[in-house]
Structures are given as structure tokens and as C-alpha cells.
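Inspection log for the structure reproduced underneath, given as C-alpha cells.
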Amino acid sequence: MSWVTIDGDECNDCGLCAVRCMRCFSVQDEKMTVNATEENCNLCGHCVALCPTGAIVHHKMDRSNFLPVDRGLNFDTAQFIHFLRKRRSHRHFKERQVRRQDLETLADVCRYAPTGSNRQAVELKIIQDPQKIARLSAHTMDYFIGLIDEVDARVTRLEADGKEVPKSVRDLRTSLSRYKGIGVARQIGLDAIFYSAPTVIVFHSSDAATTPKDDCVIAAQTVSMTAMTMGLETCYIGLFTKASSAHPPILEELKLPGGRQVYSTLIIGYPKIRFFKTVDRKPVKVTWE
């Protein structure tokens with residue numbers, strides 16, 4: 001049975017649905033017909049959104065959530081770019097927890113972020129338990145401190161044996177050197193991973209998704225920009241994302257469903273520091289062909 005039906009009384013046979021989706025829609029005897037099933041429909045909803053007469057109904061989707069497009073709503077380009085440039089990575093937050101209602105809004109907005117093949121496999125784990133955040137931070141610091149010690153020991157052994165240190169090892173050691181401050185931070189009681197943020201949002205997806213990392217990063221950026229409209233600020237925590245896939249204690253603490261992996265992480269809260277200017281960035285290199 002087709003997931004989509006067409007109200008013949010409302011349909012004007014404009015053919016827009018078939019132009020957009022030839023997999024499900026076709027013209028037979030000069031009438032639009034549809035056969036949308038699990039095999040050919042990816043639940044994008046474009047057929048419903050395109051129909052000018054409201055003749056198309058998708059029975060696997062919430063009809064009430066197809067809202068009329070406000071064609072009068074627009075943003076001045078310069079103002080929108082300025083809003084984008086206002087985003088900063090914040091690592092200092094007020095001792096004030098983010099409201100559950102605001103976090104629910106931010107979680108809900110993720111469903112409107114694009115995903116590869118419209119798989120919609122992104123899920124969030126929102127952590128506000130200070131003890132759990134502290135444990136995850138400690139596990140992450142353990143991972144990087146251990147990795148630094150391991151690489152340093154390997155270099156020392158090679159040099160002691162009079163052997164050449166491979167370039168890959170030298171590059172890794174150089175890359176890891178920037179994280180040596182993690183150990184110092186731990187010694188003086190600082191959280192060098194989550195910066196004592198009140199809330200951590202972990203974006204994870206199934207490995208079976210078409211583009212799991214892209215999906216999670218886009219969802220995270222959607223949350224980050226939306227959060228700004230609420231007076232909240234964020235920061236990407238790439239160290240935790242990297243460590244989560246290589247350090248078993250982190251996955252044990254997270255308890256994600258099987259087959260899922262962390263692809264992006266944000267800390268979020270009310271900022272303690274205010275920026276008075278946007279910042280400069282190197283121009284993007286562009287090749288025109």
C-alpha cells in the first residue's frame with residue numbers, strides 16, 4: 001500500500017510532484033498517480049511541500065507539521081553574515097544551568113538539519129549531571145596524557161637504538177605537543193576538556209548512515225546558531241569526539257546504543273565573557289573554473 005495518496009478532487013495535475021520525485025510519481029492516462037513505499041520513498045516530504053493545492057497526503061509523516069512557508073520572511077544578507085560572525089567558541093560560563101525547555105527546543109531543531117540520503121539517524125545525548133561530565137572529562141584527559149606518554153616513549157626508544165624516527169611519528173608527536181597542558185590543568189584541578197560547562201551535548205549516529213559525521217556536524221552547527229538566539233553560547237569539543245572512538249572507558253560511560261559513534265560534541269551555557277568585536281580570519285582560497 002502506498003505511503004502517499006493524492007486527493008483527485010484537489011489535484012490540478014500540475015505535475016510538480018513527478019518533476020521532483022520520479023521514483024514515486026508518474027502520469028497515467030493524463031492523471032497523476034503515486035506509489036510510495038519503503039523501497040522508493042525516503043520520507044523527504046517534498047511532494048507535500050510542493051503541492052500548491054494540498055492534494056498530496058503522506059501517511060507516514062505528521063501533516064500538521066507541514067507549515068505554510070512565510071514568503072515575506074527574509075534576512076538582510078549583511079545582517080545575517082554579521083550574525084554568523086558573532087559566533088565565538090565560549091569556554092567560560094556562568095554557574096547557571098540551561099533550562100530544560102530551551103534544550104528541548106534545541107534538540108527538536110536538529111530534525112530540520114539535512115542528513116545524507118535523508119536518513120535522519122542523528123541522536124543526541126544531553127548531559128547535565130556534573131559528576132558524569134567530570135568522569136567523561138577525566139577519561140578524555142587519561143586518553144591524551146597516555147597517548148602523549150606512549151609516543152614520547154616510542155621516540156626515546158628509537159633514538160636510544162640509533163634508529164630514525166619515522167615522519168609519521170614525528171608529526172604525531174608535534175601534533176600532540178599542544179595537548180601537554182592537559183596534564184598541567186589536571187594537576188591544578190581545572191577541567192581542560194569541558195571547561196566546567198553546565199551542559200554537554202553529544203551528537204551520535206549509526207555507522208549505517210550515509211554520512212554520519214557530516215550529519216552530526218551540521219546538526220551541531222544548527223544547535224550552535226539557534227542557541228545564540230536564546231542568549232546561549234557553545235564550543236565544539238573535538239578532543240572528546242576524537243577520544244570517544246579510541247578510549248573504551250568513554251563509551252562505557254556514555255552507554256550509547258550498539259553500532260553508534262560520537263561524531264560531534266558541544267558544550268553549552270550562558271556566557272561569562274562578552275565579545276565586543278568580530279574577529280579576522282584568513283580569506284578562503286577559491287579556484288574558479
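Letters A, B, ... go to the chains of the C-alpha cells in the order shown; residues in each chain start at 1; ligands are counted from 1 in the same order.
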- [ ] List every residue of stretch 59-196 of chain A that DSSP, applied to the backbone of this structure, places in strand (DSSP E), and write the result as a PyMOL selection string.
- [x] chain A and resi 123-127
Based on the selection just made, write C-alpha atoms of those residues as a short mmCIF file (atom, residue, chain, number, x, y, z; two decimals), in the first residue's frame.
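Final output, again.cif:
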```cif
data_model
loop_
_atom_site.label_atom_id
_atom_site.label_comp_id
_atom_site.auth_asym_id
_atom_site.auth_seq_id
_atom_site.Cartn_x
_atom_site.Cartn_y
_atom_site.Cartn_z
CA GLU A 123 20.65 11.32 18.01
CA LEU A 124 21.62 13.47 20.99
CA LYS A 125 22.76 12.67 24.48
CA ILE A 126 22.35 15.76 26.66
CA ILE A 127 24.38 15.55 29.86
#
```
- [ ] Skip A:Gly181 itself and residues of its chain fewer than 4 positions away, then list as an MDAnalysis selection string all residues within 12 Å of it, counting only C-alpha atoms.
- [x] chainID A and resid 141 144:145 148 176:177 185:188 190:193
Preceding selection exported with C-alpha atoms as a PDB file, in the first residue's frame:
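Result went into out-v8.pdb, see below:
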```
ATOM      1  CA  MET A 141      42.386  13.536  29.781  1.00  0.00           C
ATOM      2  CA  PHE A 144      45.522  12.110  25.684  1.00  0.00           C
ATOM      3  CA  ILE A 145      48.021  12.002  28.535  1.00  0.00           C
ATOM      4  CA  ILE A 148      51.468  11.601  24.685  1.00  0.00           C
ATOM      5  CA  LEU A 176      50.180  16.037  20.451  1.00  0.00           C
ATOM      6  CA  SER A 177      52.564  18.569  21.973  1.00  0.00           C
ATOM      7  CA  ALA A 185      45.450  21.612  34.061  1.00  0.00           C
ATOM      8  CA  ARG A 186      44.552  18.362  35.794  1.00  0.00           C
ATOM      9  CA  GLN A 187      47.219  18.918  38.456  1.00  0.00           C
ATOM     10  CA  ILE A 188      45.711  22.278  39.434  1.00  0.00           C
ATOM     11  CA  LEU A 190      40.961  22.529  36.027  1.00  0.00           C
ATOM     12  CA  ASP A 191      38.663  20.853  33.515  1.00  0.00           C
ATOM     13  CA  ALA A 192      40.669  21.089  30.287  1.00  0.00           C
ATOM     14  CA  ILE A 193      38.029  19.244  28.258  1.00  0.00           C
TER      15      ILE A 193
END
```
Task: Shell around A:Phe203 at 12 Å using only C-alpha atoms, local window under 6 positions removed, as JSON, numbers by chain - done: {"A": [107, 110, 121, 122, 123, 124, 125, 126, 127, 212, 213, 214, 215, 216, 217, 218, 219, 220, 221, 222, 223, 236, 237, 238, 240, 241, 244, 254, 256, 260, 261, 262, 263, 264, 265, 266, 267]}
Open item on the list: Among stretch 90-258 of chain A, which ones does DSSP assign to helix (DSSP H, G or I) (computed from the backbone)? Answer as a ChimeraX atom specification.
Closed with: /A:100-112,116-118,130-160,167-177,181-187,212-228,238-244,248-254
- [ ] For A:Asp102, please output as a VMD selection string all residues within 10 Å (counting only C-alpha atoms; exclusion window: fewer than 5 positions along the same chain).
- [x] chain A and resid 107 to 108 227 230 232
Near A:Arg170, counting only C-alpha atoms, which residues have an atom at most 12 Å away, once you skip same-chain residues fewer than 2 positions from it, shown as a short mmCIF file (atom, residue, chain, number, x, y, z; two decimals) with C-alpha atoms, in the first residue's frame?
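Here's the written file part-v9.cif:
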```cif
data_model
loop_
_atom_site.label_atom_id
_atom_site.label_comp_id
_atom_site.auth_asym_id
_atom_site.auth_seq_id
_atom_site.Cartn_x
_atom_site.Cartn_y
_atom_site.Cartn_z
CA ILE A 148 51.47 11.60 24.68
CA VAL A 151 54.54 8.48 21.64
CA ASP A 152 57.30 10.13 23.72
CA ARG A 154 58.49 5.36 21.38
CA VAL A 155 60.62 8.27 20.18
CA THR A 156 63.00 7.80 23.12
CA LEU A 158 64.09 4.71 18.65
CA GLU A 159 66.64 7.43 19.39
CA GLU A 164 65.46 7.08 12.55
CA VAL A 165 62.14 8.30 13.92
CA PRO A 166 59.51 7.89 11.15
CA LYS A 167 58.00 11.13 9.89
CA SER A 168 54.52 9.95 10.86
CA LEU A 172 52.10 12.87 15.65
CA ARG A 173 54.41 13.97 18.45
CA THR A 174 54.31 17.55 17.19
CA SER A 175 50.54 17.43 16.94
CA LEU A 176 50.18 16.04 20.45
CA SER A 177 52.56 18.57 21.97
#
```
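Distances here use only C-alpha atoms; by that measure, the residue among A:Gln97, A:Asp207, A:His92, A:His247 closest to A:Leu147 is A:His247.
Rounded to one decimal, atom CA of A:Phe66 and atom CA of A:Phe83 lie 27.3 Å from each other.
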Open item on the list: Counting only C-alpha atoms, which residue out of A:Val286, A:Leu43, A:Ala160, A:Val184 sits closest to A:Cys21?
Closed with: A:Leu43
Task: Contacts of A:Gly146 at 12 Å (only C-alpha atoms; same-chain gap of 6+ positions) as a list of chain:residue names - done: A:Ala138, A:His139, A:Thr140, A:Asp152, A:Ala153, A:Leu176, A:Tyr179, A:Lys180, A:Ile182, A:Gly183, A:Ala243, A:Ala246, A:His247
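Each of A:Arg23, A:Ala197, A:Asp62, A:Cys17 was compared to A:His46 using only C-alpha atoms, and A:Cys17 turns out to be the nearest.
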Open item on the list: Which residue is closest to A:Thr229? Choose from A:Tyr270, A:Tyr112, A:Phe93, A:Tyr195 and count only C-alpha atoms.
Closed with: A:Tyr270
